[in-house]
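Chemist: As input, take input.txt (compact mmCIF, C-alpha atoms):
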```txt
# COMPACT_ATOMS: atom_id res chain seq x y z
CA MET A 795 -8.02 -18.43 14.46
CA ALA A 796 -7.13 -22.10 14.67
CA PRO A 797 -4.76 -23.77 12.20
CA ARG A 798 -6.51 -25.30 9.17
CA LYS A 799 -5.37 -28.32 7.20
CA MET A 800 -5.07 -27.84 3.44
CA LYS A 801 -3.48 -31.18 2.62
CA PRO A 802 -1.76 -33.74 4.88
CA GLY A 803 1.32 -31.88 6.10
CA VAL A 804 0.25 -28.47 4.72
CA TYR A 805 -1.52 -26.07 7.06
CA SER A 806 -2.74 -22.50 7.08
CA VAL A 807 -1.31 -21.06 10.31
CA GLY A 808 -1.68 -17.30 9.94
CA ALA A 809 -3.86 -14.74 11.69
CA ILE A 810 -7.11 -12.98 10.78
CA ASP A 811 -7.31 -9.28 11.54
CA TRP A 812 -11.09 -8.83 11.71
CA ASP A 813 -11.08 -5.33 13.17
CA ARG A 814 -8.34 -3.55 11.25
CA ARG A 815 -9.79 -0.68 9.23
CA LEU A 816 -6.71 1.08 7.81
CA PHE A 817 -3.64 -0.26 6.01
CA ASP A 818 -0.41 1.55 5.16
CA SER A 819 -1.97 4.50 7.02
CA LEU A 820 -3.69 5.03 3.69
CA ILE A 821 -5.96 2.27 2.46
CA PRO A 822 -9.35 1.70 4.07
CA LEU A 823 -10.10 -1.93 4.94
CA PRO A 824 -13.87 -2.14 5.04
CA LEU A 825 -13.71 -5.91 5.49
CA GLY A 826 -10.60 -6.29 7.64
CA THR A 827 -7.78 -8.50 6.41
CA SER A 828 -5.64 -11.53 7.22
CA TYR A 829 -1.94 -12.34 7.18
CA ASN A 830 -1.60 -15.83 5.79
CA ALA A 831 1.31 -18.03 6.79
CA TYR A 832 1.63 -21.69 5.91
CA LEU A 833 3.37 -24.69 7.45
CA VAL A 834 4.76 -27.29 5.07
CA GLN A 835 6.07 -30.51 6.63
CA GLY A 836 8.30 -32.88 4.73
CA GLU A 837 9.64 -36.20 6.01
CA SER A 838 12.87 -34.59 7.22
CA LYS A 839 12.35 -30.82 7.26
CA VAL A 840 9.67 -28.29 8.21
CA ALA A 841 9.20 -24.97 6.45
CA LEU A 842 7.19 -21.95 7.55
CA ILE A 843 6.03 -19.87 4.58
CA ASP A 844 6.02 -16.18 5.59
CA THR A 845 4.89 -14.98 9.03
CA VAL A 846 2.36 -12.44 10.29
CA GLU A 847 2.01 -8.79 11.25
CA PRO A 848 4.17 -8.41 14.39
CA GLY A 849 1.23 -7.54 16.69
CA LEU A 850 -0.37 -10.93 15.96
CA ALA A 851 2.71 -13.14 16.41
CA LYS A 852 1.18 -14.92 19.40
CA GLU A 853 -1.65 -16.17 17.19
CA LEU A 854 0.88 -17.68 14.78
CA PHE A 855 2.65 -19.33 17.74
CA ALA A 856 -0.63 -20.63 19.20
CA ASN A 857 -1.36 -22.25 15.81
CA LEU A 858 2.09 -23.82 15.63
CA ASP A 859 1.78 -25.09 19.23
CA GLU A 860 -1.59 -26.62 18.47
CA LEU A 861 0.02 -28.54 15.59
CA GLY A 862 2.77 -29.72 17.94
CA VAL A 863 5.53 -27.93 16.01
CA LYS A 864 8.73 -28.12 18.05
CA LYS A 865 11.23 -27.30 15.33
CA ILE A 866 11.28 -25.16 12.19
CA ASP A 867 14.12 -25.67 9.73
CA TYR A 868 13.26 -22.99 7.18
CA VAL A 869 11.36 -19.71 7.16
CA VAL A 870 10.63 -18.92 3.52
CA CYS A 871 10.40 -15.16 3.11
CA HIS A 872 8.68 -14.13 -0.14
CA HIS A 873 8.46 -10.44 0.65
CA ALA A 874 10.19 -8.10 3.12
CA GLU A 875 7.12 -5.98 3.87
CA GLN A 876 6.53 -6.04 7.60
CA ASP A 877 2.96 -7.37 7.59
CA HIS A 878 4.52 -10.66 6.42
CA SER A 879 8.14 -10.50 7.58
CA GLY A 880 7.55 -8.57 10.81
CA SER A 881 7.36 -11.66 13.01
CA ILE A 882 10.50 -13.26 11.58
CA PRO A 883 12.68 -12.00 14.47
CA ALA A 884 10.25 -13.52 17.00
CA VAL A 885 10.10 -16.78 15.03
CA LEU A 886 13.90 -17.01 14.92
CA GLU A 887 14.02 -16.49 18.66
CA ARG A 888 11.38 -19.12 19.36
CA TYR A 889 12.79 -21.69 16.93
CA PRO A 890 16.55 -21.33 17.08
CA GLY A 891 18.26 -23.05 14.18
CA ALA A 892 15.65 -21.89 11.67
CA LYS A 893 17.14 -20.32 8.56
CA VAL A 894 15.47 -17.57 6.56
CA MET A 895 15.39 -18.76 2.94
CA THR A 896 15.09 -15.82 0.61
CA ASN A 897 16.66 -13.94 -2.31
CA GLN A 898 19.48 -11.40 -2.16
CA LYS A 899 17.28 -8.31 -2.60
CA CYS A 900 14.88 -9.51 0.08
CA MET A 901 17.71 -10.20 2.49
CA ASP A 902 18.95 -6.62 1.99
CA LEU A 903 15.47 -5.25 2.67
CA LEU A 904 15.03 -7.47 5.74
CA ALA A 905 18.24 -5.94 7.08
CA SER A 906 17.22 -2.35 6.32
CA HIS A 907 13.62 -2.68 7.55
CA LEU A 908 13.84 -5.19 10.43
CA ARG A 909 17.57 -5.44 11.23
CA ILE A 910 17.49 -9.16 10.52
CA PRO A 911 21.16 -10.20 10.38
CA THR A 912 22.41 -11.68 7.11
CA THR A 913 23.81 -14.58 9.14
CA ALA A 914 20.22 -15.66 9.80
CA CYS A 915 19.55 -15.96 6.06
CA GLU A 916 20.42 -18.32 3.27
CA ILE A 917 20.26 -16.95 -0.29
CA ILE A 918 18.33 -18.94 -2.86
CA ALA A 919 18.47 -18.47 -6.62
CA ASP A 920 15.59 -18.18 -9.08
CA GLY A 921 14.34 -21.69 -9.82
CA ALA A 922 16.14 -23.26 -6.83
CA ILE A 923 14.48 -26.24 -5.18
CA LEU A 924 14.25 -26.81 -1.43
CA ASP A 925 13.87 -30.46 -0.49
CA LEU A 926 11.87 -31.11 2.68
CA GLY A 927 11.95 -34.91 2.26
CA GLY A 928 9.23 -36.20 -0.05
CA ARG A 929 8.10 -32.65 -0.64
CA THR A 930 9.90 -29.95 -2.60
CA LEU A 931 9.46 -26.19 -2.85
CA GLN A 932 10.59 -24.40 -5.99
CA PHE A 933 11.31 -20.65 -5.87
CA ILE A 934 10.07 -18.41 -8.67
CA PHE A 935 11.32 -14.84 -8.74
CA ALA A 936 8.54 -12.35 -9.50
CA PRO A 937 9.81 -8.82 -8.93
CA TRP A 938 7.39 -5.88 -8.61
CA VAL A 939 4.51 -7.74 -7.04
CA HIS A 940 4.57 -5.07 -5.56
CA TRP A 941 8.14 -4.52 -4.30
CA PRO A 942 11.43 -5.24 -6.08
CA GLU A 943 12.26 -8.44 -4.13
CA THR A 944 8.98 -10.38 -4.38
CA MET A 945 8.84 -14.05 -5.29
CA PHE A 946 6.58 -17.12 -5.24
CA SER A 947 7.18 -20.71 -4.23
CA PHE A 948 5.60 -23.83 -5.65
CA ALA A 949 5.03 -26.98 -3.61
CA ARG A 950 5.47 -29.21 -6.63
CA GLU A 951 4.05 -32.53 -5.42
CA ASP A 952 1.00 -30.85 -3.84
CA LYS A 953 0.60 -28.35 -6.73
CA ILE A 954 0.15 -25.47 -4.28
CA LEU A 955 1.49 -22.10 -5.40
CA PHE A 956 2.33 -19.68 -2.60
CA THR A 957 2.14 -16.23 -4.22
CA CYS A 958 2.37 -13.95 -1.19
CA ASP A 959 0.71 -10.59 -2.03
CA PHE A 960 -0.03 -11.52 -5.66
CA PHE A 961 -3.76 -12.37 -5.94
CA GLY A 962 -4.33 -11.20 -2.36
CA SER A 963 -7.45 -9.60 -0.96
CA HIS A 964 -8.13 -7.67 2.24
CA PHE A 965 -11.02 -9.82 3.36
CA ALA A 966 -11.33 -11.22 6.87
CA THR A 967 -13.39 -14.39 6.79
CA GLY A 968 -13.55 -17.58 8.79
CA THR A 969 -13.83 -19.53 5.54
CA LEU A 970 -10.42 -20.75 4.40
CA TYR A 971 -11.25 -20.98 0.69
CA ALA A 972 -12.53 -18.35 -1.75
CA ASP A 973 -15.79 -20.14 -2.43
CA ASP A 974 -17.79 -16.92 -2.08
CA GLU A 975 -16.39 -15.74 -5.39
CA HIS A 976 -18.68 -12.72 -5.74
CA HIS A 977 -17.35 -11.07 -2.59
CA VAL A 978 -13.78 -12.16 -3.00
CA TYR A 979 -13.71 -10.79 -6.58
CA LEU A 980 -14.48 -7.27 -5.33
CA SER A 981 -11.93 -7.38 -2.53
CA ALA A 982 -9.28 -8.84 -4.85
CA LYS A 983 -9.97 -6.17 -7.49
CA ARG A 984 -9.70 -3.40 -4.93
CA TYR A 985 -6.42 -4.85 -3.66
CA TYR A 986 -5.05 -5.14 -7.19
CA ALA A 987 -6.02 -1.55 -7.99
CA GLU A 988 -4.49 -0.14 -4.82
CA ILE A 989 -1.00 -1.66 -5.09
CA MET A 990 -0.49 -3.99 -8.06
CA MET A 991 -1.82 -1.95 -10.96
CA PRO A 992 1.26 0.25 -11.56
CA PHE A 993 3.22 -2.83 -12.59
CA ARG A 994 0.54 -4.57 -14.61
CA GLN A 995 2.61 -4.76 -17.79
CA LYS A 996 5.05 -7.04 -15.98
CA TYR A 997 2.41 -9.56 -15.01
CA GLY A 998 1.71 -11.14 -18.39
CA THR A 999 4.84 -13.31 -18.11
CA TYR A 1000 4.01 -14.29 -14.52
CA LEU A 1001 0.48 -15.30 -15.46
CA GLN A 1002 1.85 -17.42 -18.31
CA LYS A 1003 4.32 -19.12 -15.97
CA ILE A 1004 1.51 -19.87 -13.54
CA ASP A 1005 -0.67 -21.29 -16.33
CA ALA A 1006 2.21 -23.60 -17.23
CA LEU A 1007 2.57 -24.79 -13.61
CA ALA A 1008 -1.19 -25.52 -13.47
CA PRO A 1009 -1.51 -25.25 -9.67
CA GLU A 1010 -4.47 -26.86 -7.93
CA ILE A 1011 -4.39 -24.27 -5.17
CA ILE A 1012 -3.14 -20.67 -5.14
CA ALA A 1013 -2.38 -19.54 -1.58
CA PRO A 1014 -1.82 -15.78 -1.20
CA SER A 1015 -0.72 -13.86 1.90
CA HIS A 1016 -4.00 -11.99 2.41
CA GLY A 1017 -7.57 -13.19 2.19
CA PRO A 1018 -9.07 -16.54 1.24
CA ILE A 1019 -7.20 -19.26 -0.64
CA TYR A 1020 -8.12 -20.15 -4.23
CA ARG A 1021 -8.95 -23.79 -4.88
CA ARG A 1022 -10.42 -22.85 -8.25
CA PRO A 1023 -7.33 -20.96 -9.56
CA GLU A 1024 -8.94 -20.05 -12.93
CA PHE A 1025 -11.21 -17.68 -11.02
CA ILE A 1026 -8.42 -15.35 -9.93
CA LEU A 1027 -6.18 -16.00 -12.96
CA ASP A 1028 -8.97 -14.96 -15.35
CA ALA A 1029 -9.68 -11.88 -13.24
CA TYR A 1030 -6.03 -10.79 -13.33
CA LYS A 1031 -5.80 -11.42 -17.07
CA ASP A 1032 -8.79 -9.14 -17.57
CA TRP A 1033 -7.56 -6.38 -15.24
CA THR A 1034 -3.97 -6.37 -16.55
CA SER A 1035 -4.98 -6.41 -20.23
CA ASP A 1036 -4.90 -3.24 -22.31
CA LYS A 1037 -8.65 -3.35 -22.87
CA VAL A 1038 -10.68 -0.53 -21.37
CA LYS A 1039 -14.45 -0.52 -20.89
CA ASN A 1040 -17.11 1.97 -21.91
CA GLU A 1041 -16.77 3.60 -18.48
CA ALA A 1042 -16.23 7.16 -17.37
CA LEU A 1043 -15.10 7.94 -13.87
CA VAL A 1044 -16.46 11.29 -12.69
CA ALA A 1045 -14.59 12.42 -9.57
CA TYR A 1046 -15.68 15.80 -8.29
CA VAL A 1047 -15.53 18.17 -5.40
CA SER A 1048 -17.83 21.16 -5.09
CA MET A 1049 -17.81 23.86 -2.45
CA HIS A 1050 -21.02 25.81 -3.08
CA GLY A 1051 -22.58 23.87 -5.95
CA SER A 1052 -21.45 25.53 -9.19
CA THR A 1053 -19.08 22.70 -10.13
CA LYS A 1054 -21.78 20.18 -9.16
CA VAL A 1055 -24.22 21.73 -11.70
CA MET A 1056 -21.81 20.86 -14.52
CA VAL A 1057 -21.12 17.42 -13.07
CA ASP A 1058 -24.85 16.64 -12.85
CA ARG A 1059 -25.39 17.73 -16.46
CA LEU A 1060 -22.42 15.69 -17.72
CA VAL A 1061 -23.41 12.53 -15.85
CA ASP A 1062 -26.99 12.94 -17.10
CA ARG A 1063 -25.85 13.18 -20.71
CA LEU A 1064 -23.34 10.35 -20.42
CA VAL A 1065 -25.86 7.99 -18.90
CA SER A 1066 -28.41 8.90 -21.61
CA ALA A 1067 -25.76 8.14 -24.23
CA GLY A 1068 -25.18 4.68 -22.77
CA VAL A 1069 -21.82 5.38 -21.16
CA ASN A 1070 -21.30 3.59 -17.86
CA VAL A 1071 -20.61 6.24 -15.22
CA LYS A 1072 -19.06 5.98 -11.77
CA GLN A 1073 -19.45 9.19 -9.80
CA PHE A 1074 -17.48 10.00 -6.66
CA ASP A 1075 -17.59 12.95 -4.26
CA LEU A 1076 -13.92 13.48 -3.46
CA ALA A 1077 -14.77 15.17 -0.16
CA THR A 1078 -15.96 11.85 1.30
CA ILE A 1079 -14.42 9.24 -0.95
CA ASP A 1080 -12.91 5.90 0.02
CA ILE A 1081 -9.78 5.96 -2.16
CA GLY A 1082 -9.91 2.21 -2.61
CA GLU A 1083 -13.22 2.67 -4.42
CA LEU A 1084 -11.61 5.29 -6.67
CA ALA A 1085 -8.72 2.93 -7.41
CA MET A 1086 -11.13 0.10 -8.22
CA ALA A 1087 -13.07 2.29 -10.63
CA LEU A 1088 -9.81 3.16 -12.38
CA VAL A 1089 -9.11 -0.47 -13.30
CA ASP A 1090 -11.47 -0.48 -16.30
CA ALA A 1091 -12.36 3.16 -17.04
CA ALA A 1092 -11.49 4.73 -20.37
CA THR A 1093 -12.05 8.33 -19.28
CA LEU A 1094 -11.44 10.31 -16.09
CA VAL A 1095 -13.43 13.48 -15.48
CA LEU A 1096 -11.92 15.52 -12.67
CA ALA A 1097 -14.18 18.36 -11.55
CA THR A 1098 -13.16 21.00 -9.03
CA PRO A 1099 -13.67 24.59 -8.01
CA THR A 1100 -10.70 26.92 -7.69
CA VAL A 1101 -9.61 27.67 -4.15
CA LEU A 1102 -6.36 29.27 -2.92
CA ASN A 1103 -5.60 29.94 -6.61
CA GLY A 1104 -5.51 26.27 -7.53
CA PRO A 1105 -7.56 23.08 -7.54
CA HIS A 1106 -9.33 22.00 -4.36
CA PRO A 1107 -6.80 19.86 -2.41
CA ALA A 1108 -9.12 16.85 -2.62
CA ALA A 1109 -8.80 17.02 -6.42
CA VAL A 1110 -5.00 17.29 -6.12
CA TYR A 1111 -4.98 14.17 -3.93
CA ALA A 1112 -7.10 12.24 -6.43
CA ALA A 1113 -4.95 13.35 -9.39
CA TYR A 1114 -1.73 12.46 -7.56
CA LEU A 1115 -3.02 8.97 -6.64
CA THR A 1116 -4.29 8.37 -10.15
CA GLY A 1117 -0.87 9.25 -11.56
CA ALA A 1118 0.81 6.96 -9.03
CA ILE A 1119 -1.29 3.83 -9.57
CA LYS A 1120 -0.94 4.12 -13.36
CA PRO A 1121 -4.34 2.92 -14.62
CA LYS A 1122 -5.00 2.12 -18.29
CA LEU A 1123 -7.13 5.26 -18.80
CA ARG A 1124 -7.07 6.74 -22.29
CA HIS A 1125 -8.57 10.20 -21.81
CA ALA A 1126 -9.10 12.80 -19.12
CA VAL A 1127 -10.78 16.17 -18.81
CA ILE A 1128 -10.74 18.85 -16.16
CA LEU A 1129 -13.76 20.95 -15.48
CA GLY A 1130 -15.11 23.18 -12.75
CA SER A 1131 -15.42 26.74 -11.63
CA GLN A 1132 -12.78 29.46 -11.75
CA ALA A 1133 -14.32 32.91 -11.35
CA TRP A 1134 -11.21 35.08 -11.07
CA GLY A 1135 -8.17 33.13 -12.25
CA GLY A 1136 -5.83 30.52 -10.84
CA LYS A 1137 -3.75 27.56 -11.92
CA THR A 1138 -6.34 24.82 -11.44
CA VAL A 1139 -6.03 23.21 -14.86
CA ASP A 1140 -2.22 23.39 -15.01
CA VAL A 1141 -1.71 21.80 -11.59
CA LEU A 1142 -4.01 18.87 -12.33
CA LYS A 1143 -2.61 18.40 -15.85
CA GLY A 1144 0.87 18.25 -14.33
CA LEU A 1145 -0.12 15.51 -11.89
CA LEU A 1146 -1.61 13.40 -14.69
CA ALA A 1147 1.14 14.10 -17.24
CA SER A 1148 3.00 10.81 -16.78
CA LEU A 1149 -0.08 8.85 -17.89
CA LYS A 1150 0.14 10.41 -21.37
CA LEU A 1151 -3.63 10.68 -21.69
CA GLU A 1152 -5.55 12.44 -24.42
CA MET A 1153 -6.71 15.55 -22.56
CA PHE A 1154 -9.98 17.00 -23.79
CA ASP A 1155 -10.28 20.80 -23.60
CA PRO A 1156 -10.95 21.93 -20.03
CA LEU A 1157 -14.32 23.51 -19.23
CA MET A 1158 -14.20 26.18 -16.56
CA SER A 1159 -17.22 28.28 -15.66
CA LYS A 1160 -17.02 31.60 -13.83
CA GLY A 1161 -19.27 30.57 -10.96
CA LEU A 1162 -22.71 29.22 -11.79
CA PRO A 1163 -22.52 27.65 -15.27
CA THR A 1164 -24.19 29.62 -18.10
CA ALA A 1165 -26.31 28.11 -20.87
CA GLU A 1166 -23.20 28.23 -23.07
CA ASP A 1167 -21.15 26.37 -20.45
CA LEU A 1168 -23.81 23.66 -20.30
CA LEU A 1169 -23.86 23.29 -24.08
CA ALA A 1170 -20.10 22.75 -23.92
CA VAL A 1171 -20.70 20.03 -21.32
CA ASP A 1172 -23.20 18.38 -23.69
CA LYS A 1173 -20.58 18.42 -26.45
CA LEU A 1174 -18.05 16.87 -24.09
CA ALA A 1175 -20.46 14.04 -23.32
CA GLU A 1176 -20.87 13.39 -27.05
CA THR A 1177 -17.10 13.34 -27.52
CA ILE A 1178 -16.64 10.86 -24.69
CA GLN A 1179 -19.38 8.61 -26.01
CA ALA A 1180 -17.90 8.63 -29.51
CA ARG A 1181 -14.36 7.97 -28.30
CA HIS A 1182 -15.56 5.06 -26.17
CA ALA A 1183 -17.52 3.56 -29.04
CA ALA A 1184 -14.38 3.65 -31.21
CA LEU A 1185 -12.26 2.08 -28.46
CA VAL A 1186 -14.63 -0.74 -27.71
CA ALA A 1187 -15.05 -1.49 -31.40
CA GLY A 1188 -11.35 -1.30 -32.23
CA VAL A 1189 -9.72 -3.15 -29.34
CA MET B 1148 12.79 -0.32 -30.85
CA LYS B 1149 10.54 0.40 -27.90
CA LYS B 1150 10.93 3.21 -25.41
CA TYR B 1151 10.82 2.20 -21.74
CA ILE B 1152 9.68 4.22 -18.72
CA CYS B 1153 10.96 4.01 -15.17
CA SER B 1154 8.03 2.98 -12.96
CA ALA B 1155 9.50 4.87 -10.03
CA CYS B 1156 10.38 8.28 -11.45
CA ASP B 1157 8.94 8.32 -14.99
CA TYR B 1158 12.34 8.81 -16.66
CA GLU B 1159 12.00 7.66 -20.28
CA TYR B 1160 14.69 5.57 -21.91
CA ASP B 1161 14.79 6.38 -25.63
CA PRO B 1162 16.86 3.79 -27.54
CA ALA B 1163 17.72 6.40 -30.19
CA LEU B 1164 19.49 8.45 -27.51
CA GLY B 1165 20.81 5.66 -25.26
CA ASP B 1166 22.46 6.71 -21.96
CA PRO B 1167 26.01 7.56 -23.07
CA GLU B 1168 26.96 9.03 -19.69
CA HIS B 1169 26.66 5.50 -18.28
CA GLY B 1170 28.14 3.65 -21.22
CA ILE B 1171 24.97 2.92 -23.21
CA ALA B 1172 25.49 4.06 -26.80
CA PRO B 1173 22.70 5.69 -28.84
CA GLY B 1174 20.88 3.02 -30.80
CA THR B 1175 20.99 0.45 -27.98
CA ALA B 1176 17.73 -1.46 -27.54
CA PHE B 1177 16.54 -1.56 -23.92
CA GLU B 1178 16.65 -5.36 -23.97
CA ASP B 1179 20.38 -5.21 -24.78
CA ILE B 1180 21.32 -2.99 -21.84
CA PRO B 1181 23.25 -4.98 -19.16
CA ASP B 1182 21.17 -6.09 -16.16
CA ASP B 1183 23.22 -4.07 -13.69
CA TRP B 1184 22.32 -0.75 -15.35
CA ARG B 1185 20.29 1.57 -13.16
CA CYS B 1186 17.91 4.43 -13.88
CA PRO B 1187 20.12 7.50 -14.40
CA VAL B 1188 17.64 9.73 -12.59
CA CYS B 1189 16.55 7.77 -9.50
CA GLY B 1190 18.97 4.84 -9.41
CA ILE B 1191 16.39 2.05 -9.33
CA SER B 1192 17.28 -1.28 -10.94
CA LYS B 1193 16.68 -2.01 -14.64
CA ASP B 1194 13.83 -4.41 -13.90
CA ALA B 1195 11.64 -1.54 -12.66
CA PHE B 1196 11.25 -0.29 -16.25
CA ILE B 1197 8.08 -0.85 -18.21
CA PRO B 1198 7.73 -0.79 -22.02
CA MET B 1199 5.87 2.17 -23.47
CA ASN B 1200 3.29 1.79 -26.23
```
Turn this file's structure into structure tokens for me.

Modeler:
Amino acid sequence: MAPRKMKPGVYSVGAIDWDRRLFDSLIPLPLGTSYNAYLVQGESKVALIDTVEPGLAKELFANLDELGVKKIDYVVCHHAEQDHSGSIPAVLERYPGAKVMTNQKCMDLLASHLRIPTTACEIIADGAILDLGGRTLQFIFAPWVHWPETMFSFAREDKILFTCDFFGSHFATGTLYADDEHHVYLSAKRYYAEIMMPFRQKYGTYLQKIDALAPEIIAPSHGPIYRRPEFILDAYKDWTSDKVKNEALVAYVSMHGSTKVMVDRLVDRLVSAGVNVKQFDLATIDIGELAMALVDAATLVLATPTVLNGPHPAAVYAAYLTGAIKPKLRHAVILGSQAWGGKTVDVLKGLLASLKLEMFDPLMSKGLPTAEDLLAVDKLAETIQARHAALVAGV
Amino acid sequence: MKKYICSACDYEYDPALGDPEHGIAPGTAFEDIPDDWRCPVCGISKDAFIPMN
């Protein structure tokens, strides 16, 4: 992908990864991704903002060559994760004399993850200003977006905020800007749910700081660039707030159909009662979709048969992930089939314990659900509907 | 005074109890703990803690 001009002297020089379909050996990328790097040229100095995934370094270099870049004074490193920092060693080799400008924690992580020597780095403090000659970059520490060392930088005269992973989306597109807001919203929400959500309570202060800076452009490290910043700022304010929606996430796995009978009945009753339902078959699920559905849901229903004396492993995986990404769920319930004993409920409860949810009484059938079992499911649907009504009214 | 939870290991800091083993007296608000304090269970830095409701 060719370099693109954002403003005179500011260019997008990163690489688009159209064909990548898995990230972190964990997260599906249905729409590919990009690694955004930016070139900022002042009258006397040139700064490269982040780099690219190591396998695509030659694309970064082709972009820099096309712009006639012969010298880089500074490589600003916002984040030590290798999809952004991984080409720093190659950049330092190609542009000797370049200094990595970063914070102490990031420098330590660059050493431990990439063996970048501390002599190649210069430590900057929170709020420090880097003068490029007629153009200045101000550093803003923002830990836990999504690692401990993360930070932003603000090109003050141009009003461009470089936020690295914050506000990112895994969305490969030839269009530089996020003008297709409908599509970008979904990719950005998925991205937020997958890695940012556990730290959402920290983001209120960052969003306030960004409001105060009033950037014209927000340039993240993945996906299209925002030239209407309110779009992504409003989205993040919504997602990170404590408000939940009248939504129930029903995640199930069923081996021979008994659990599915209860799931079908519950979903039927919930939908009739006006509760928004998202149903997922855990045997074939894209976990990014599960994460996305957890952003707004008030209730999680986890339905599983009992196998090998415990929950189906797919249910264990879902419960573990849910506990790890720390959604703002309020309630959960476990249901399914357990015909001769096992520790299904206890194992799943344990995995969700850190979320401190209100757990409704579990409903376990002994094989095919009886009429009594189904009446209990009906009651559960009523309980969920009533709880949601109270939440939506009260919050 | 609010309780805080470690985002890495779920250890809960209760201000009523403090962390006397590491020099934080009972009754110390989380905000008043020095910045170089670390989670007594997993060792992560203080800024990884999140307030609990």

Chemist: Rounded to one decimal in Å, what is the spacing between atom CA of A:Pro1014 and atom CA of A:Val834?

Modeler: 14.7 Å

Chemist: Could you tell me which residues of chain A sit within 12 Å of chain B when counting all atoms listed in the file, and give me the result as a PyMOL selection string?

Modeler: chain A and resi 899+935-943+991-997+1036+1117-1120+1122+1145-1150

Chemist: If we count all atoms listed in the file and set the cut-off at 7 Å, which residues sit around A:Ala987, ignoring sequence neighbours fewer than 4 positions away in its own chain? Please answer as a PyMOL selection string.

Modeler: chain A and resi 983+991+1085-1086+1089

Chemist: Name the closest residue to B:Cys1186 among the candidates B:Pro1167, B:Tyr1160, B:Met1148, B:Ala1172; distances are taken between atoms, counting all atoms listed in the file.

Modeler: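 Under the stated criterion, the closest residue is B:Tyr1160.
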
Chemist: My list of candidates is A:Ile1019, A:Leu924, A:Ile866, A:Leu1168. Which is closest to A:Glu975 when distances are computed with all atoms listed in the file?

Modeler: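 When distances to A:Glu975 are compared using all atoms listed in the file, the smallest one comes from A:Ile1019.
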
Chemist: Pick the closest to B:Lys1193 from B:Pro1181, B:His1169, B:Ala1176, B:Lys1149: which is it, counting all atoms listed in the file?

Modeler: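 That would be B:Pro1181, the residue with the smallest distance to B:Lys1193.
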
Chemist: In terms of the shortest atom-to-atom distance over only C-alpha atoms, which of A:Tyr1020, A:Tyr829, A:Phe933, A:Tyr868 is closest to A:Pro848?

Modeler: A:Tyr829

Chemist: Between atom CA of B:Gly1190 and atom CA of B:Gly1174, what is the distance in Å, rounded to a tenth?

Modeler: 21.6 Å

Chemist: Would you pick out the contacts of stretch 892-896 of chain A at 8 Å or less, using all atoms listed in the file, so that residues sharing its chain but fewer than 3 positions from it are not included, and give the list as a PDB file with C-alpha atoms, keeping the file's coordinate frame?

Modeler:
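And here is the file that came out, result28.pdb:
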```
ATOM      1  CA  LYS A 865      11.230 -27.300  15.330  1.00  0.00           C
ATOM      2  CA  ILE A 866      11.280 -25.160  12.190  1.00  0.00           C
ATOM      3  CA  ASP A 867      14.120 -25.670   9.730  1.00  0.00           C
ATOM      4  CA  TYR A 868      13.260 -22.990   7.180  1.00  0.00           C
ATOM      5  CA  VAL A 869      11.360 -19.710   7.160  1.00  0.00           C
ATOM      6  CA  VAL A 870      10.630 -18.920   3.520  1.00  0.00           C
ATOM      7  CA  CYS A 871      10.400 -15.160   3.110  1.00  0.00           C
ATOM      8  CA  HIS A 872       8.680 -14.130  -0.140  1.00  0.00           C
ATOM      9  CA  LEU A 886      13.900 -17.010  14.920  1.00  0.00           C
ATOM     10  CA  TYR A 889      12.790 -21.690  16.930  1.00  0.00           C
ATOM     11  CA  CYS A 900      14.880  -9.510   0.080  1.00  0.00           C
ATOM     12  CA  MET A 901      17.710 -10.200   2.490  1.00  0.00           C
ATOM     13  CA  ALA A 914      20.220 -15.660   9.800  1.00  0.00           C
ATOM     14  CA  CYS A 915      19.550 -15.960   6.060  1.00  0.00           C
ATOM     15  CA  GLU A 916      20.420 -18.320   3.270  1.00  0.00           C
ATOM     16  CA  ILE A 917      20.260 -16.950  -0.290  1.00  0.00           C
ATOM     17  CA  ILE A 918      18.330 -18.940  -2.860  1.00  0.00           C
TER      18      ILE A 918
END
```

Chemist: Mind giving me the straight-line distance from atom CA of A:Leu1185 to atom CA of A:Lys1173 in Å, one decimal?

Modeler: 18.4 Å

Chemist: Name the closest residue to A:Val1057 among the candidates A:Thr827, A:Ser1159, A:Thr969, A:Thr930; distances are taken between atoms, counting all atoms listed in the file.

Modeler: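 Looking at the shortest contact to A:Val1057, the residue is A:Ser1159.
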
Chemist: Considering all atoms listed in the file, return as a list in words whatever protein or nucleic-acid residues lie within 12 Å of A:Asp1058, sequence-local ones (same chain, fewer than 5 positions apart) excluded.

Modeler: Val1044, Ala1045, Tyr1046, Ser1048, Gly1051, Ser1052, Thr1053, Arg1063, Leu1064, Val1065, Val1071, Gln1073, Phe1074, Asp1075, Ala1097, Gly1130, Pro1163, Leu1168, Val1171, Asp1172 and Ala1175 of chain A

Chemist: Can you sort out the box for stretch 1176-1180 of chain B, edges along x, y and z, all listed atoms in, 6 Å on every side, with centre and edge lengths in Å to one decimal, as JSON?

Modeler:
```
{"center_x": 18.9, "center_y": -3.4, "center_z": -24.7, "size_x": 16.8, "size_y": 15.9, "size_z": 17.7}
```

Chemist: Can you pull out every residue within 12 Å of A:Gly826, counting all atoms listed in the file, but drop anything in the same chain fewer than 4 positions away, and send it as a VMD selection string?

Modeler: chain A and resid 809 to 817 821 to 822 963 to 968 981 1016 to 1017

Chemist: Hey, what's within 12 Å of A:Asp1090 if we count only C-alpha atoms and toss same-chain stuff fewer than 5 positions away? As a ChimeraX atom specification, please?

Modeler: /A:983-984,987,991,1029,1032-1043,1070-1072,1084-1085,1120-1124,1186
